[in-house]
Structures are given as C-alpha cells and as structure tokens.
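Structure file protein_9.txt (compact mmCIF, N, CA, C and O atoms) is printed below.
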```txt
# COMPACT_ATOMS: atom_id res chain seq x y z
N MET A 1 27.29 13.42 10.98
CA MET A 1 26.46 12.35 10.46
C MET A 1 27.37 11.22 9.98
O MET A 1 28.29 11.43 9.23
N ASN A 2 27.05 9.98 10.42
CA ASN A 2 27.89 8.85 10.00
C ASN A 2 27.43 8.32 8.63
O ASN A 2 26.42 8.75 8.08
N SER A 3 28.18 7.38 8.11
CA SER A 3 27.90 6.89 6.75
C SER A 3 26.55 6.20 6.63
O SER A 3 25.90 6.28 5.58
N VAL A 4 26.10 5.51 7.68
CA VAL A 4 24.79 4.86 7.63
C VAL A 4 23.69 5.92 7.58
O VAL A 4 22.75 5.82 6.78
N ASP A 5 23.80 6.93 8.42
CA ASP A 5 22.82 8.01 8.40
C ASP A 5 22.78 8.70 7.04
O ASP A 5 21.70 9.01 6.52
N GLU A 6 23.94 8.90 6.46
CA GLU A 6 24.00 9.53 5.14
C GLU A 6 23.35 8.65 4.07
O GLU A 6 22.62 9.15 3.21
N ALA A 7 23.60 7.36 4.15
CA ALA A 7 23.00 6.43 3.18
C ALA A 7 21.49 6.38 3.33
O ALA A 7 20.76 6.35 2.33
N VAL A 8 21.01 6.38 4.56
CA VAL A 8 19.56 6.37 4.80
C VAL A 8 18.94 7.65 4.25
O VAL A 8 17.90 7.62 3.60
N GLU A 9 19.58 8.76 4.49
CA GLU A 9 19.09 10.05 3.98
C GLU A 9 19.07 10.04 2.45
O GLU A 9 18.11 10.51 1.82
N GLU A 10 20.10 9.49 1.85
CA GLU A 10 20.17 9.41 0.39
C GLU A 10 19.06 8.49 -0.14
O GLU A 10 18.41 8.82 -1.14
N LEU A 11 18.83 7.37 0.52
CA LEU A 11 17.77 6.46 0.11
C LEU A 11 16.40 7.13 0.25
O LEU A 11 15.56 7.05 -0.63
N ARG A 12 16.19 7.81 1.36
CA ARG A 12 14.93 8.52 1.58
C ARG A 12 14.69 9.53 0.47
O ARG A 12 13.59 9.60 -0.10
N ASN A 13 15.70 10.29 0.12
CA ASN A 13 15.57 11.28 -0.95
C ASN A 13 15.29 10.62 -2.30
O ASN A 13 14.50 11.13 -3.09
N ALA A 14 15.94 9.48 -2.54
CA ALA A 14 15.71 8.76 -3.79
C ALA A 14 14.26 8.26 -3.86
O ALA A 14 13.62 8.35 -4.91
N ILE A 15 13.74 7.78 -2.74
CA ILE A 15 12.35 7.33 -2.70
C ILE A 15 11.41 8.50 -2.96
O ILE A 15 10.47 8.38 -3.75
N LEU A 16 11.66 9.62 -2.31
CA LEU A 16 10.80 10.79 -2.49
C LEU A 16 10.77 11.29 -3.94
O LEU A 16 9.80 11.89 -4.37
N GLN A 17 11.82 11.00 -4.68
CA GLN A 17 11.92 11.48 -6.06
C GLN A 17 11.53 10.43 -7.10
O GLN A 17 11.42 10.76 -8.28
N CYS A 18 11.29 9.20 -6.68
CA CYS A 18 11.00 8.15 -7.66
C CYS A 18 9.55 8.21 -8.13
O CYS A 18 8.66 8.70 -7.43
N ASP A 19 9.32 7.71 -9.32
CA ASP A 19 7.99 7.74 -9.93
C ASP A 19 6.95 6.96 -9.13
O ASP A 19 5.80 7.38 -9.04
N VAL A 20 7.34 5.84 -8.56
CA VAL A 20 6.40 5.02 -7.80
C VAL A 20 5.84 5.81 -6.62
O VAL A 20 4.62 5.82 -6.38
N TYR A 21 6.71 6.48 -5.88
CA TYR A 21 6.25 7.27 -4.74
C TYR A 21 5.43 8.47 -5.20
O TYR A 21 4.40 8.78 -4.62
N ARG A 22 5.87 9.12 -6.25
CA ARG A 22 5.13 10.29 -6.76
C ARG A 22 3.75 9.89 -7.26
O ARG A 22 2.77 10.61 -7.04
N ASP A 23 3.65 8.75 -7.92
CA ASP A 23 2.33 8.26 -8.36
C ASP A 23 1.43 8.01 -7.17
O ASP A 23 0.24 8.35 -7.19
N TYR A 24 1.99 7.40 -6.13
CA TYR A 24 1.22 7.15 -4.91
C TYR A 24 0.71 8.46 -4.31
O TYR A 24 -0.46 8.59 -3.97
N CYS A 25 1.58 9.46 -4.20
CA CYS A 25 1.19 10.75 -3.63
C CYS A 25 0.11 11.43 -4.46
O CYS A 25 -0.85 12.00 -3.91
N ARG A 26 0.25 11.38 -5.79
CA ARG A 26 -0.76 11.99 -6.67
C ARG A 26 -2.11 11.29 -6.49
O ARG A 26 -3.15 11.95 -6.39
N SER A 27 -2.09 9.99 -6.43
CA SER A 27 -3.34 9.23 -6.25
C SER A 27 -3.96 9.53 -4.90
O SER A 27 -5.18 9.68 -4.79
N LEU A 28 -3.14 9.60 -3.88
CA LEU A 28 -3.65 9.91 -2.54
C LEU A 28 -4.29 11.29 -2.50
O LEU A 28 -5.36 11.47 -1.92
N GLU A 29 -3.67 12.26 -3.12
CA GLU A 29 -4.23 13.62 -3.14
C GLU A 29 -5.56 13.65 -3.88
O GLU A 29 -6.49 14.35 -3.46
N LYS A 30 -5.68 12.91 -4.96
CA LYS A 30 -6.96 12.84 -5.68
C LYS A 30 -8.06 12.28 -4.79
O LYS A 30 -9.17 12.79 -4.74
N VAL A 31 -7.74 11.19 -4.09
CA VAL A 31 -8.71 10.53 -3.23
C VAL A 31 -9.10 11.44 -2.06
O VAL A 31 -10.28 11.48 -1.67
N LYS A 32 -8.15 12.17 -1.53
CA LYS A 32 -8.44 13.06 -0.39
C LYS A 32 -9.42 14.17 -0.74
O LYS A 32 -10.01 14.77 0.14
N GLN A 33 -9.61 14.42 -2.03
CA GLN A 33 -10.58 15.43 -2.45
C GLN A 33 -12.01 14.95 -2.23
O GLN A 33 -12.96 15.74 -2.31
N TYR A 34 -12.17 13.67 -1.96
CA TYR A 34 -13.47 13.06 -1.71
C TYR A 34 -13.42 12.32 -0.38
O TYR A 34 -13.20 11.10 -0.34
N PRO A 35 -13.63 13.06 0.73
CA PRO A 35 -13.47 12.47 2.07
C PRO A 35 -14.29 11.19 2.30
O PRO A 35 -13.81 10.25 2.94
N GLU A 36 -15.50 11.15 1.77
CA GLU A 36 -16.32 9.96 1.96
C GLU A 36 -15.70 8.77 1.23
O GLU A 36 -15.66 7.65 1.76
N LEU A 37 -15.20 8.99 0.03
CA LEU A 37 -14.54 7.93 -0.72
C LEU A 37 -13.27 7.49 0.00
O LEU A 37 -12.99 6.29 0.10
N LYS A 38 -12.51 8.43 0.53
CA LYS A 38 -11.29 8.12 1.27
C LYS A 38 -11.63 7.24 2.48
O LYS A 38 -10.93 6.25 2.77
N GLU A 39 -12.72 7.56 3.14
CA GLU A 39 -13.15 6.77 4.29
C GLU A 39 -13.53 5.35 3.86
O GLU A 39 -13.19 4.38 4.53
N GLN A 40 -14.20 5.22 2.72
CA GLN A 40 -14.57 3.90 2.21
C GLN A 40 -13.32 3.10 1.83
O GLN A 40 -13.25 1.89 2.09
N ILE A 41 -12.35 3.76 1.23
CA ILE A 41 -11.10 3.09 0.88
C ILE A 41 -10.39 2.62 2.14
O ILE A 41 -9.90 1.49 2.21
N ASP A 42 -10.33 3.47 3.14
CA ASP A 42 -9.68 3.10 4.40
C ASP A 42 -10.38 1.91 5.05
O ASP A 42 -9.73 1.00 5.58
N ASP A 43 -11.71 1.91 4.99
CA ASP A 43 -12.48 0.79 5.54
C ASP A 43 -12.18 -0.50 4.76
O ASP A 43 -11.96 -1.56 5.35
N TYR A 44 -12.15 -0.39 3.45
CA TYR A 44 -11.82 -1.54 2.60
C TYR A 44 -10.43 -2.08 2.95
O TYR A 44 -10.25 -3.29 3.11
N ARG A 45 -9.47 -1.19 3.07
CA ARG A 45 -8.09 -1.59 3.38
C ARG A 45 -8.02 -2.27 4.74
O ARG A 45 -7.30 -3.26 4.91
N MET A 46 -8.74 -1.73 5.73
CA MET A 46 -8.72 -2.31 7.07
C MET A 46 -9.35 -3.70 7.06
O MET A 46 -8.80 -4.65 7.65
N GLN A 47 -10.48 -3.84 6.39
CA GLN A 47 -11.12 -5.16 6.32
C GLN A 47 -10.23 -6.16 5.60
O GLN A 47 -10.12 -7.32 6.01
N ASN A 48 -9.59 -5.73 4.54
CA ASN A 48 -8.68 -6.59 3.79
C ASN A 48 -7.52 -7.04 4.69
O ASN A 48 -7.17 -8.23 4.73
N TYR A 49 -6.94 -6.10 5.40
CA TYR A 49 -5.83 -6.42 6.32
C TYR A 49 -6.29 -7.41 7.39
O TYR A 49 -5.60 -8.41 7.65
N GLU A 50 -7.42 -7.13 8.02
CA GLU A 50 -7.92 -8.00 9.08
C GLU A 50 -8.21 -9.40 8.56
O GLU A 50 -7.92 -10.40 9.23
N LEU A 51 -8.76 -9.48 7.36
CA LEU A 51 -9.04 -10.78 6.76
C LEU A 51 -7.74 -11.55 6.51
O LEU A 51 -7.65 -12.74 6.81
N GLN A 52 -6.73 -10.88 6.00
CA GLN A 52 -5.46 -11.54 5.72
C GLN A 52 -4.73 -11.96 7.00
O GLN A 52 -3.99 -12.94 6.99
N GLN A 53 -4.93 -11.21 8.08
CA GLN A 53 -4.24 -11.51 9.33
C GLN A 53 -5.03 -12.45 10.24
O GLN A 53 -4.53 -12.88 11.28
N SER A 54 -6.24 -12.76 9.85
CA SER A 54 -7.11 -13.61 10.66
C SER A 54 -6.53 -15.01 10.81
O SER A 54 -6.03 -15.58 9.84
N PRO A 55 -6.59 -15.57 12.03
CA PRO A 55 -6.07 -16.92 12.22
C PRO A 55 -6.87 -17.97 11.41
O PRO A 55 -6.36 -19.03 11.12
N ASP A 56 -8.11 -17.65 11.06
CA ASP A 56 -8.91 -18.58 10.27
C ASP A 56 -9.04 -18.11 8.82
O ASP A 56 -10.07 -18.29 8.17
N TYR A 57 -7.96 -17.51 8.31
CA TYR A 57 -7.93 -17.04 6.92
C TYR A 57 -8.25 -18.19 5.98
O TYR A 57 -7.69 -19.28 6.09
N ALA A 58 -9.15 -17.92 5.06
CA ALA A 58 -9.51 -18.93 4.08
C ALA A 58 -9.67 -18.27 2.72
O ALA A 58 -10.16 -17.14 2.61
N PHE A 59 -9.25 -18.99 1.70
CA PHE A 59 -9.31 -18.47 0.34
C PHE A 59 -10.74 -18.09 -0.04
O PHE A 59 -10.96 -17.08 -0.68
N ASP A 60 -11.72 -18.91 0.38
CA ASP A 60 -13.10 -18.63 0.01
C ASP A 60 -13.60 -17.33 0.65
O ASP A 60 -14.38 -16.60 0.05
N LYS A 61 -13.14 -17.03 1.86
CA LYS A 61 -13.52 -15.76 2.50
C LYS A 61 -12.92 -14.58 1.73
O LYS A 61 -13.57 -13.55 1.56
N MET A 62 -11.69 -14.73 1.29
CA MET A 62 -11.05 -13.66 0.52
C MET A 62 -11.76 -13.49 -0.82
O MET A 62 -11.98 -12.37 -1.27
N GLU A 63 -12.13 -14.58 -1.43
CA GLU A 63 -12.86 -14.52 -2.70
C GLU A 63 -14.20 -13.81 -2.53
O GLU A 63 -14.59 -12.97 -3.34
N GLN A 64 -14.89 -14.12 -1.46
CA GLN A 64 -16.17 -13.48 -1.16
C GLN A 64 -15.97 -11.97 -0.92
O GLN A 64 -16.74 -11.15 -1.41
N PHE A 65 -14.94 -11.64 -0.20
CA PHE A 65 -14.61 -10.23 0.07
C PHE A 65 -14.34 -9.49 -1.24
O PHE A 65 -14.85 -8.39 -1.45
N GLN A 66 -13.58 -10.10 -2.13
CA GLN A 66 -13.26 -9.48 -3.41
C GLN A 66 -14.52 -9.28 -4.25
O GLN A 66 -14.67 -8.25 -4.90
N ARG A 67 -15.41 -10.27 -4.25
CA ARG A 67 -16.67 -10.13 -4.99
C ARG A 67 -17.52 -9.00 -4.41
O ARG A 67 -18.13 -8.23 -5.13
N GLN A 68 -17.55 -8.92 -3.09
CA GLN A 68 -18.35 -7.90 -2.40
C GLN A 68 -17.89 -6.50 -2.80
O GLN A 68 -18.71 -5.60 -2.94
N TYR A 69 -16.61 -6.32 -3.00
CA TYR A 69 -16.06 -4.99 -3.30
C TYR A 69 -15.69 -4.80 -4.77
O TYR A 69 -15.04 -3.82 -5.12
N GLN A 70 -16.10 -5.72 -5.62
CA GLN A 70 -15.70 -5.64 -7.03
C GLN A 70 -16.14 -4.32 -7.67
O GLN A 70 -15.34 -3.64 -8.31
N SER A 71 -17.39 -3.94 -7.52
CA SER A 71 -17.85 -2.70 -8.15
C SER A 71 -17.17 -1.48 -7.53
O SER A 71 -16.88 -0.51 -8.23
N PHE A 72 -16.91 -1.54 -6.24
CA PHE A 72 -16.20 -0.45 -5.56
C PHE A 72 -14.81 -0.26 -6.17
O PHE A 72 -14.39 0.85 -6.46
N ARG A 73 -14.12 -1.37 -6.39
CA ARG A 73 -12.77 -1.31 -6.95
C ARG A 73 -12.74 -0.87 -8.41
O ARG A 73 -11.70 -0.48 -8.91
N GLU A 74 -13.88 -0.94 -9.08
CA GLU A 74 -13.96 -0.50 -10.47
C GLU A 74 -13.99 1.01 -10.60
O GLU A 74 -13.79 1.54 -11.70
N ASN A 75 -14.24 1.71 -9.51
CA ASN A 75 -14.18 3.18 -9.52
C ASN A 75 -12.74 3.55 -9.89
O ASN A 75 -11.79 3.11 -9.24
N PRO A 76 -12.56 4.37 -10.94
CA PRO A 76 -11.20 4.70 -11.39
C PRO A 76 -10.31 5.31 -10.30
O PRO A 76 -9.12 4.99 -10.24
N LEU A 77 -10.86 6.15 -9.44
CA LEU A 77 -10.05 6.72 -8.36
C LEU A 77 -9.61 5.66 -7.37
O LEU A 77 -8.46 5.66 -6.91
N VAL A 78 -10.51 4.77 -7.03
CA VAL A 78 -10.20 3.68 -6.09
C VAL A 78 -9.16 2.76 -6.70
O VAL A 78 -8.15 2.44 -6.07
N SER A 79 -9.41 2.35 -7.93
CA SER A 79 -8.49 1.45 -8.62
C SER A 79 -7.09 2.05 -8.74
O SER A 79 -6.08 1.39 -8.46
N GLU A 80 -7.04 3.31 -9.15
CA GLU A 80 -5.74 3.99 -9.31
C GLU A 80 -5.01 4.09 -7.98
O GLU A 80 -3.82 3.79 -7.90
N PHE A 81 -5.72 4.47 -6.93
CA PHE A 81 -5.08 4.62 -5.63
C PHE A 81 -4.56 3.28 -5.11
O PHE A 81 -3.41 3.17 -4.67
N LEU A 82 -5.41 2.24 -5.15
CA LEU A 82 -4.99 0.94 -4.63
C LEU A 82 -3.82 0.37 -5.41
O LEU A 82 -2.92 -0.23 -4.82
N ALA A 83 -3.80 0.58 -6.71
CA ALA A 83 -2.67 0.11 -7.53
C ALA A 83 -1.39 0.87 -7.18
O ALA A 83 -0.31 0.27 -7.06
N ALA A 84 -1.51 2.19 -7.00
CA ALA A 84 -0.34 3.00 -6.66
C ALA A 84 0.17 2.65 -5.27
O ALA A 84 1.38 2.55 -5.04
N GLU A 85 -0.75 2.43 -4.34
CA GLU A 85 -0.36 2.06 -2.98
C GLU A 85 0.35 0.70 -2.98
O GLU A 85 1.38 0.52 -2.33
N LEU A 86 -0.20 -0.25 -3.73
CA LEU A 86 0.40 -1.57 -3.80
C LEU A 86 1.81 -1.50 -4.40
O LEU A 86 2.75 -2.13 -3.90
N ALA A 87 1.97 -0.73 -5.46
CA ALA A 87 3.29 -0.59 -6.09
C ALA A 87 4.29 0.02 -5.11
O ALA A 87 5.44 -0.44 -5.02
N PHE A 88 3.85 1.03 -4.36
CA PHE A 88 4.74 1.66 -3.39
C PHE A 88 5.10 0.68 -2.27
O PHE A 88 6.27 0.55 -1.89
N CYS A 89 4.11 -0.04 -1.75
CA CYS A 89 4.38 -1.02 -0.69
C CYS A 89 5.34 -2.11 -1.16
O CYS A 89 6.24 -2.50 -0.41
N ARG A 90 5.15 -2.57 -2.38
CA ARG A 90 6.05 -3.60 -2.91
C ARG A 90 7.47 -3.06 -3.06
O ARG A 90 8.44 -3.79 -2.82
N MET A 91 7.58 -1.81 -3.46
CA MET A 91 8.91 -1.22 -3.59
C MET A 91 9.59 -1.15 -2.22
O MET A 91 10.76 -1.52 -2.07
N VAL A 92 8.87 -0.72 -1.20
CA VAL A 92 9.43 -0.63 0.15
C VAL A 92 9.79 -2.02 0.67
O VAL A 92 10.86 -2.22 1.26
N GLN A 93 8.93 -3.01 0.42
CA GLN A 93 9.23 -4.38 0.83
C GLN A 93 10.48 -4.90 0.13
O GLN A 93 11.30 -5.58 0.76
N ASP A 94 10.61 -4.59 -1.14
CA ASP A 94 11.79 -5.03 -1.89
C ASP A 94 13.05 -4.40 -1.31
O ASP A 94 14.07 -5.07 -1.14
N ILE A 95 13.00 -3.12 -0.99
CA ILE A 95 14.14 -2.44 -0.39
C ILE A 95 14.51 -3.11 0.93
O ILE A 95 15.68 -3.41 1.19
N GLU A 96 13.49 -3.34 1.75
CA GLU A 96 13.73 -3.98 3.05
C GLU A 96 14.32 -5.37 2.88
O GLU A 96 15.29 -5.74 3.56
N ASN A 97 13.76 -6.17 1.98
CA ASN A 97 14.27 -7.52 1.76
C ASN A 97 15.71 -7.51 1.28
O ASN A 97 16.53 -8.30 1.75
N ARG A 98 16.02 -6.65 0.35
CA ARG A 98 17.38 -6.58 -0.18
C ARG A 98 18.36 -6.13 0.90
O ARG A 98 19.50 -6.62 0.96
N LEU A 99 17.94 -5.23 1.75
CA LEU A 99 18.79 -4.77 2.83
C LEU A 99 19.06 -5.90 3.83
O LEU A 99 20.22 -6.16 4.18
N VAL A 100 18.03 -6.57 4.24
CA VAL A 100 18.17 -7.63 5.25
C VAL A 100 18.93 -8.82 4.70
O VAL A 100 19.73 -9.44 5.41
N GLU A 101 18.70 -9.16 3.43
CA GLU A 101 19.41 -10.29 2.83
C GLU A 101 20.92 -10.08 2.82
O GLU A 101 21.67 -11.05 2.89
N GLY A 102 21.34 -8.86 2.75
CA GLY A 102 22.77 -8.58 2.67
C GLY A 102 23.45 -8.47 4.02
O GLY A 102 24.65 -8.17 4.10
N ILE A 103 22.73 -8.73 5.08
CA ILE A 103 23.27 -8.60 6.44
C ILE A 103 23.13 -9.92 7.17
O ILE A 103 22.08 -10.55 7.13
N ASP A 104 24.18 -10.34 7.86
CA ASP A 104 24.13 -11.55 8.67
C ASP A 104 23.51 -11.20 10.01
O ASP A 104 24.18 -10.69 10.92
N PHE A 105 22.21 -11.43 10.11
CA PHE A 105 21.46 -11.05 11.31
C PHE A 105 20.52 -12.19 11.66
O PHE A 105 19.68 -12.57 10.87
N GLU A 106 20.69 -12.75 12.86
CA GLU A 106 19.84 -13.87 13.28
C GLU A 106 18.89 -13.43 14.37
O GLU A 106 19.16 -12.69 15.21
```

Would you mind giving the structure from this file in structure tokens?
Amino acid sequence: MNSVDEAVEELRNAILQCDVYRDYCRSLEKVKQYPELKEQIDDYRMQNYELQQSPDYAFDKMEQFQRQYQSFRENPLVSEFLAAELAFCRMVQDIENRLVEGIDFE
C-alpha cells in the first residue's frame, strides 16, 4: 500500500469514528425504523435536489417548497435526520475543498 492509499484509509477511519458521522448513522437508523417516514424523507430530499438543480431555479419556488414541508420538517425524527445529514455532507464537502485547494490541478 502506498502513502496515498494509507492516508485515504486513515481519513476514512477518522470519518467513521467522528461524532458527525456517528450522529448521522444514529439518525438514519432511527428513521429506518419507520419505512413510510423514510420514504417521505427520501421524496422530500429528491424534490429539494431537483428544485435546486432546476435550470429555472427561483427563490420563490424554494420558499414555497419550504412552506409546503414546514410541518413535515417539524417532526423531531425528520428534523434530527436532516440536520445530521446536512452536517455530514458539509464535513465531506469541507474535506474535499481543503484537499483540492492544496493541489495544483486545472
């Protein structure tokens, strides 16, 4: 195993042991206990993604979407999971950004 492979393995292990990832896993396991709720969360996430990626993305459409799902997001399991997922995604994005910033790659 070369040094890059070793570093990647070390980073992977560090991620698996960090609180942000563990919180995400705990929240995911809670949600999975309610398959219908998990399906609703997945649908919400997909609609949110599609709205954000839409070529005609508009702030008012996002605002309407948020209002439509406001009561859904108030469910403690939903809120906890989405917050944990967001924290984990931001951590991964930060890792990726820091890695790429340190490399001269065009």

What gap, in Å, lies between atom C of A:Phe65 and atom N of A:Asp43?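 About the pair atom C of A:Phe65 and atom N of A:Asp43: they are 13.3 Å apart.
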
May I ask for the distance between atom CA of A:Ala84 and atom CA of A:Asn13, given in Å to one decimal place? 18.8 Å

Using all atoms listed in the file, find the one residue out of A:Pro35, A:Lys30, A:Val20, A:Gly102 that sits nearest to A:Phe88.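 So, comparing all the options, the nearest one is A:Val20.
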
Mind working out the centre and edge lengths of an axis-aligned box for stretch 84-96 of chain A, all listed atoms inside, 6 Å added to each side, rounded to one decimal in Å and written as JSON?
```
{"center_x": 7.1, "center_y": -1.4, "center_z": -1.7, "size_x": 29.2, "size_y": 20.7, "size_z": 22.6}
```

Could you tell me how far atom CA of A:Ala87 sits from atom CA of A:Gln70, in Å to one decimal place? 19.7 Å
